[in-house]
Amino acid sequence: SKFKLPKPSLKSKKSDGKKIRFKTPGLSNNPDKVKSIGVKLLTSIIVMILVISLALGLGAYTFTKNIITSNIKNNLTKDATDSAKLAEERIDKYLKEIESIASSELLKKQDVPKEQVREFLKSEMQRLGFSSIGIADLDGNLTLYNGNTLNIKNKDFFTVAKNGGTYLSSPFLSGISGTNQFATSSAIYVGYNVTGVIVGFKSANKLYSIVKDIKVGDTGYAVLYDKSGNIIYHPD
């Protein structure tokens with residue numbers, strides 16, 4: 001007789017009427033727990049997006065701020081440079097005025113009557129807005145257009161011009177007019193030799209006007225200094 005093995009059953013067996021559940025390693029079979037993980041993941045992503053957006057925003061703000069600041073600095077630097085150039089042009093104008101008088105052929109001649117020289121000085125004084133004008137010899141004796149005399153040998157505007165230069169002084173209190181004035185001076189040449197010095201005086205207000213109307217930006221202003229660093233004009 002042959003021995004027969006029982007056929008295996010393909011049907012799933014139940015254990016005491018309960019369903020058999022299979023667990024996947026690393027994953028939870030709890031729907032609520034899976035939902036919680038998804039929410040946390042979504043929250044993390046949102047936070048990351050916000051952080052990145054904030055970083056980009058701050059970067060753009062810093063970049064824009066730097067550009068604006070740089071433009072402002074460049075504009076102010078340009079304004080200051082233009083203002084300094086304008087002030088130099090105005091000072092140069094005063095120096096060229098006195099140089100033009102010093103180069104007059106009338107002053108180079110030795111045989112011209114003194115009265116004719118005085119009339120010439122008076123006309124130049126009126127034309128160029130001087131309060132007074134005169135010619136000094138090499139010892140510093142200054143004769144004004146009206147015949148008055150004074151000694152200026154210790155004045156900077158005399159010594160510089162005597163040595164062949166042209167000079168614009170700081171304001172000073174005039175002993176003649178009793179007002180604040182400034183002087184411009186230039187050497188009088190005959191050939192290559194200095195024979196005298198022409199000196200013109202103007203109100204100090206005209207010197208202040210060199211920078212008085214100059215503005216730098218919306219609230220900036222120009223200040224005028226002398227060669228020693230002393231303030232000649234300040235709007236306050």
# chains A, B, ... in the order shown; residues from 1 in each chain; ligands from 1
>>> select_by_dssp(residues="region 77-176 of chain A", states="strand (DSSP E or B)", output="PyMOL selection string")
chain A and resi 132-136+141-144+149-151+166-168+172-173
>>> residues_around(residues="Tyr189 (chain A)", least_positions_apart="6", cutoff="9 Å", atoms="only C-alpha atoms", output="tab-separated table (two decimals) with N, CA and C atoms, in the first residue's frame")
chain	number	residue	atom	x	y	z
A	102	ALA	N	49.47	145.09	-12.39
A	102	ALA	CA	50.94	145.10	-12.26
A	102	ALA	C	51.64	145.01	-13.61
A	103	SER	N	50.99	144.39	-14.58
A	103	SER	CA	51.61	144.22	-15.90
A	103	SER	C	51.37	145.40	-16.84
A	107	LEU	N	52.93	151.44	-15.55
A	107	LEU	CA	53.66	151.29	-14.29
A	107	LEU	C	55.12	150.87	-14.50
A	108	LYS	N	55.45	150.44	-15.68
A	108	LYS	CA	56.82	150.03	-15.97
A	108	LYS	C	57.72	151.20	-16.38
A	164	GLY	N	58.64	138.36	-6.07
A	164	GLY	CA	58.19	137.96	-7.40
A	164	GLY	C	56.86	137.23	-7.47
A	195	THR	N	60.61	145.97	-9.56
A	195	THR	CA	60.87	147.38	-9.24
A	195	THR	C	59.90	147.93	-8.20
A	196	GLY	N	58.85	147.19	-7.93
A	196	GLY	CA	57.87	147.66	-6.97
A	196	GLY	C	56.79	146.63	-6.77
A	197	VAL	N	55.80	146.97	-5.94
A	197	VAL	CA	54.69	146.06	-5.63
A	197	VAL	C	53.37	146.82	-5.71
>>> closest_residue(among="A:Glu105, A:Asn205, A:Leu142, A:Leu95", to="Gly191 (chain A)", atoms="only C-alpha atoms")
A:Glu105
>>> residues_around(residues="region 114-131 of chain A", least_positions_apart="2", cutoff="6 Å", atoms="only C-alpha atoms", output="VMD selection string")
chain A and resid 145 201 to 202
>>> atom_distance(atom1="CA of Ala183 (chain A)", atom2="CA of Ile210 (chain A)")
14.5 Å
>>> residues_around(residues="Lys227 (chain A)", least_positions_apart="2", cutoff="12 Å", atoms="only C-alpha atoms", output="list in words")
Asp156, Tyr167, Leu168, Ser169, Ser170, Leu224, Tyr225, Gly229, Asn230, Ile231 and Ile232 of chain A
>>> write_last_selection(atoms="all heavy atoms", output="PDB file, in the first residue's frame")
ATOM      1  N   ASP A 156      52.911 140.128   5.024  1.00  0.00           N
ATOM      2  CA  ASP A 156      53.131 138.991   4.120  1.00  0.00           C
ATOM      3  C   ASP A 156      52.823 139.354   2.674  1.00  0.00           C
ATOM      4  O   ASP A 156      53.531 138.910   1.756  1.00  0.00           O
ATOM      5  CB  ASP A 156      52.255 137.805   4.540  1.00  0.00           C
ATOM      6  CG  ASP A 156      52.768 137.131   5.800  1.00  0.00           C
ATOM      7  OD1 ASP A 156      53.912 137.412   6.191  1.00  0.00           O
ATOM      8  OD2 ASP A 156      52.018 136.332   6.400  1.00  0.00           O
ATOM      9  N   TYR A 167      49.852 137.442  -4.279  1.00  0.00           N
ATOM     10  CA  TYR A 167      49.396 137.036  -2.943  1.00  0.00           C
ATOM     11  C   TYR A 167      47.976 137.519  -2.668  1.00  0.00           C
ATOM     12  O   TYR A 167      47.569 138.606  -3.110  1.00  0.00           O
ATOM     13  CB  TYR A 167      50.353 137.612  -1.892  1.00  0.00           C
ATOM     14  CG  TYR A 167      50.199 137.040  -0.501  1.00  0.00           C
ATOM     15  CD1 TYR A 167      50.793 135.833  -0.164  1.00  0.00           C
ATOM     16  CD2 TYR A 167      49.486 137.728   0.476  1.00  0.00           C
ATOM     17  CE1 TYR A 167      50.676 135.312   1.118  1.00  0.00           C
ATOM     18  CE2 TYR A 167      49.361 137.222   1.766  1.00  0.00           C
ATOM     19  CZ  TYR A 167      49.960 136.018   2.082  1.00  0.00           C
ATOM     20  OH  TYR A 167      49.838 135.500   3.343  1.00  0.00           O
ATOM     21  N   LEU A 168      47.242 136.692  -1.913  1.00  0.00           N
ATOM     22  CA  LEU A 168      45.928 137.066  -1.378  1.00  0.00           C
ATOM     23  C   LEU A 168      45.981 136.818   0.121  1.00  0.00           C
ATOM     24  O   LEU A 168      46.260 135.700   0.553  1.00  0.00           O
ATOM     25  CB  LEU A 168      44.818 136.250  -2.037  1.00  0.00           C
ATOM     26  CG  LEU A 168      43.380 136.617  -1.664  1.00  0.00           C
ATOM     27  CD1 LEU A 168      42.440 136.365  -2.849  1.00  0.00           C
ATOM     28  CD2 LEU A 168      42.884 135.824  -0.451  1.00  0.00           C
ATOM     29  N   SER A 169      45.708 137.840   0.913  1.00  0.00           N
ATOM     30  CA  SER A 169      45.885 137.750   2.361  1.00  0.00           C
ATOM     31  C   SER A 169      44.626 137.285   3.073  1.00  0.00           C
ATOM     32  O   SER A 169      43.535 137.262   2.497  1.00  0.00           O
ATOM     33  CB  SER A 169      46.291 139.119   2.925  1.00  0.00           C
ATOM     34  OG  SER A 169      45.166 139.987   2.977  1.00  0.00           O
ATOM     35  N   SER A 170      44.801 136.954   4.344  1.00  0.00           N
ATOM     36  CA  SER A 170      43.663 136.710   5.229  1.00  0.00           C
ATOM     37  C   SER A 170      43.055 138.061   5.605  1.00  0.00           C
ATOM     38  O   SER A 170      43.714 139.101   5.489  1.00  0.00           O
ATOM     39  CB  SER A 170      44.119 135.978   6.491  1.00  0.00           C
ATOM     40  OG  SER A 170      44.678 134.728   6.173  1.00  0.00           O
ATOM     41  N   LEU A 224      36.097 128.282   4.660  1.00  0.00           N
ATOM     42  CA  LEU A 224      37.313 128.847   4.084  1.00  0.00           C
ATOM     43  C   LEU A 224      38.402 128.950   5.148  1.00  0.00           C
ATOM     44  O   LEU A 224      38.182 129.526   6.220  1.00  0.00           O
ATOM     45  CB  LEU A 224      37.013 130.233   3.499  1.00  0.00           C
ATOM     46  CG  LEU A 224      38.126 130.902   2.679  1.00  0.00           C
ATOM     47  CD1 LEU A 224      38.465 130.059   1.452  1.00  0.00           C
ATOM     48  CD2 LEU A 224      37.704 132.307   2.273  1.00  0.00           C
ATOM     49  N   TYR A 225      39.578 128.369   4.871  1.00  0.00           N
ATOM     50  CA  TYR A 225      40.715 128.392   5.782  1.00  0.00           C
ATOM     51  C   TYR A 225      41.866 129.167   5.152  1.00  0.00           C
ATOM     52  O   TYR A 225      41.985 129.235   3.920  1.00  0.00           O
ATOM     53  CB  TYR A 225      41.214 126.973   6.080  1.00  0.00           C
ATOM     54  CG  TYR A 225      40.251 126.099   6.835  1.00  0.00           C
ATOM     55  CD1 TYR A 225      39.297 125.335   6.167  1.00  0.00           C
ATOM     56  CD2 TYR A 225      40.312 125.987   8.224  1.00  0.00           C
ATOM     57  CE1 TYR A 225      38.418 124.518   6.858  1.00  0.00           C
ATOM     58  CE2 TYR A 225      39.446 125.163   8.919  1.00  0.00           C
ATOM     59  CZ  TYR A 225      38.499 124.431   8.231  1.00  0.00           C
ATOM     60  OH  TYR A 225      37.638 123.619   8.918  1.00  0.00           O
ATOM     61  N   GLY A 229      45.647 127.156   8.577  1.00  0.00           N
ATOM     62  CA  GLY A 229      44.551 126.341   9.086  1.00  0.00           C
ATOM     63  C   GLY A 229      43.543 127.114   9.912  1.00  0.00           C
ATOM     64  O   GLY A 229      42.629 126.514  10.489  1.00  0.00           O
ATOM     65  N   ASN A 230      43.688 128.427   9.975  1.00  0.00           N
ATOM     66  CA  ASN A 230      42.716 129.249  10.700  1.00  0.00           C
ATOM     67  C   ASN A 230      41.470 129.464   9.850  1.00  0.00           C
ATOM     68  O   ASN A 230      41.571 129.649   8.631  1.00  0.00           O
ATOM     69  CB  ASN A 230      43.329 130.612  11.053  1.00  0.00           C
ATOM     70  CG  ASN A 230      44.550 130.477  11.933  1.00  0.00           C
ATOM     71  OD1 ASN A 230      44.539 129.749  12.915  1.00  0.00           O
ATOM     72  ND2 ASN A 230      45.624 131.177  11.574  1.00  0.00           N
ATOM     73  N   ILE A 231      40.309 129.439  10.501  1.00  0.00           N
ATOM     74  CA  ILE A 231      39.060 129.615   9.772  1.00  0.00           C
ATOM     75  C   ILE A 231      38.876 131.075   9.390  1.00  0.00           C
ATOM     76  O   ILE A 231      38.896 131.968  10.234  1.00  0.00           O
ATOM     77  CB  ILE A 231      37.855 129.150  10.624  1.00  0.00           C
ATOM     78  CG1 ILE A 231      37.948 127.643  10.895  1.00  0.00           C
ATOM     79  CG2 ILE A 231      36.545 129.477   9.906  1.00  0.00           C
ATOM     80  CD1 ILE A 231      36.847 127.114  11.795  1.00  0.00           C
ATOM     81  N   ILE A 232      38.711 131.320   8.083  1.00  0.00           N
ATOM     82  CA  ILE A 232      38.434 132.660   7.596  1.00  0.00           C
ATOM     83  C   ILE A 232      36.930 132.904   7.532  1.00  0.00           C
ATOM     84  O   ILE A 232      36.431 133.961   7.907  1.00  0.00           O
ATOM     85  CB  ILE A 232      39.058 132.861   6.185  1.00  0.00           C
ATOM     86  CG1 ILE A 232      40.576 132.799   6.295  1.00  0.00           C
ATOM     87  CG2 ILE A 232      38.610 134.179   5.572  1.00  0.00           C
ATOM     88  CD1 ILE A 232      41.275 132.884   4.946  1.00  0.00           C
TER      89      ILE A 232
END
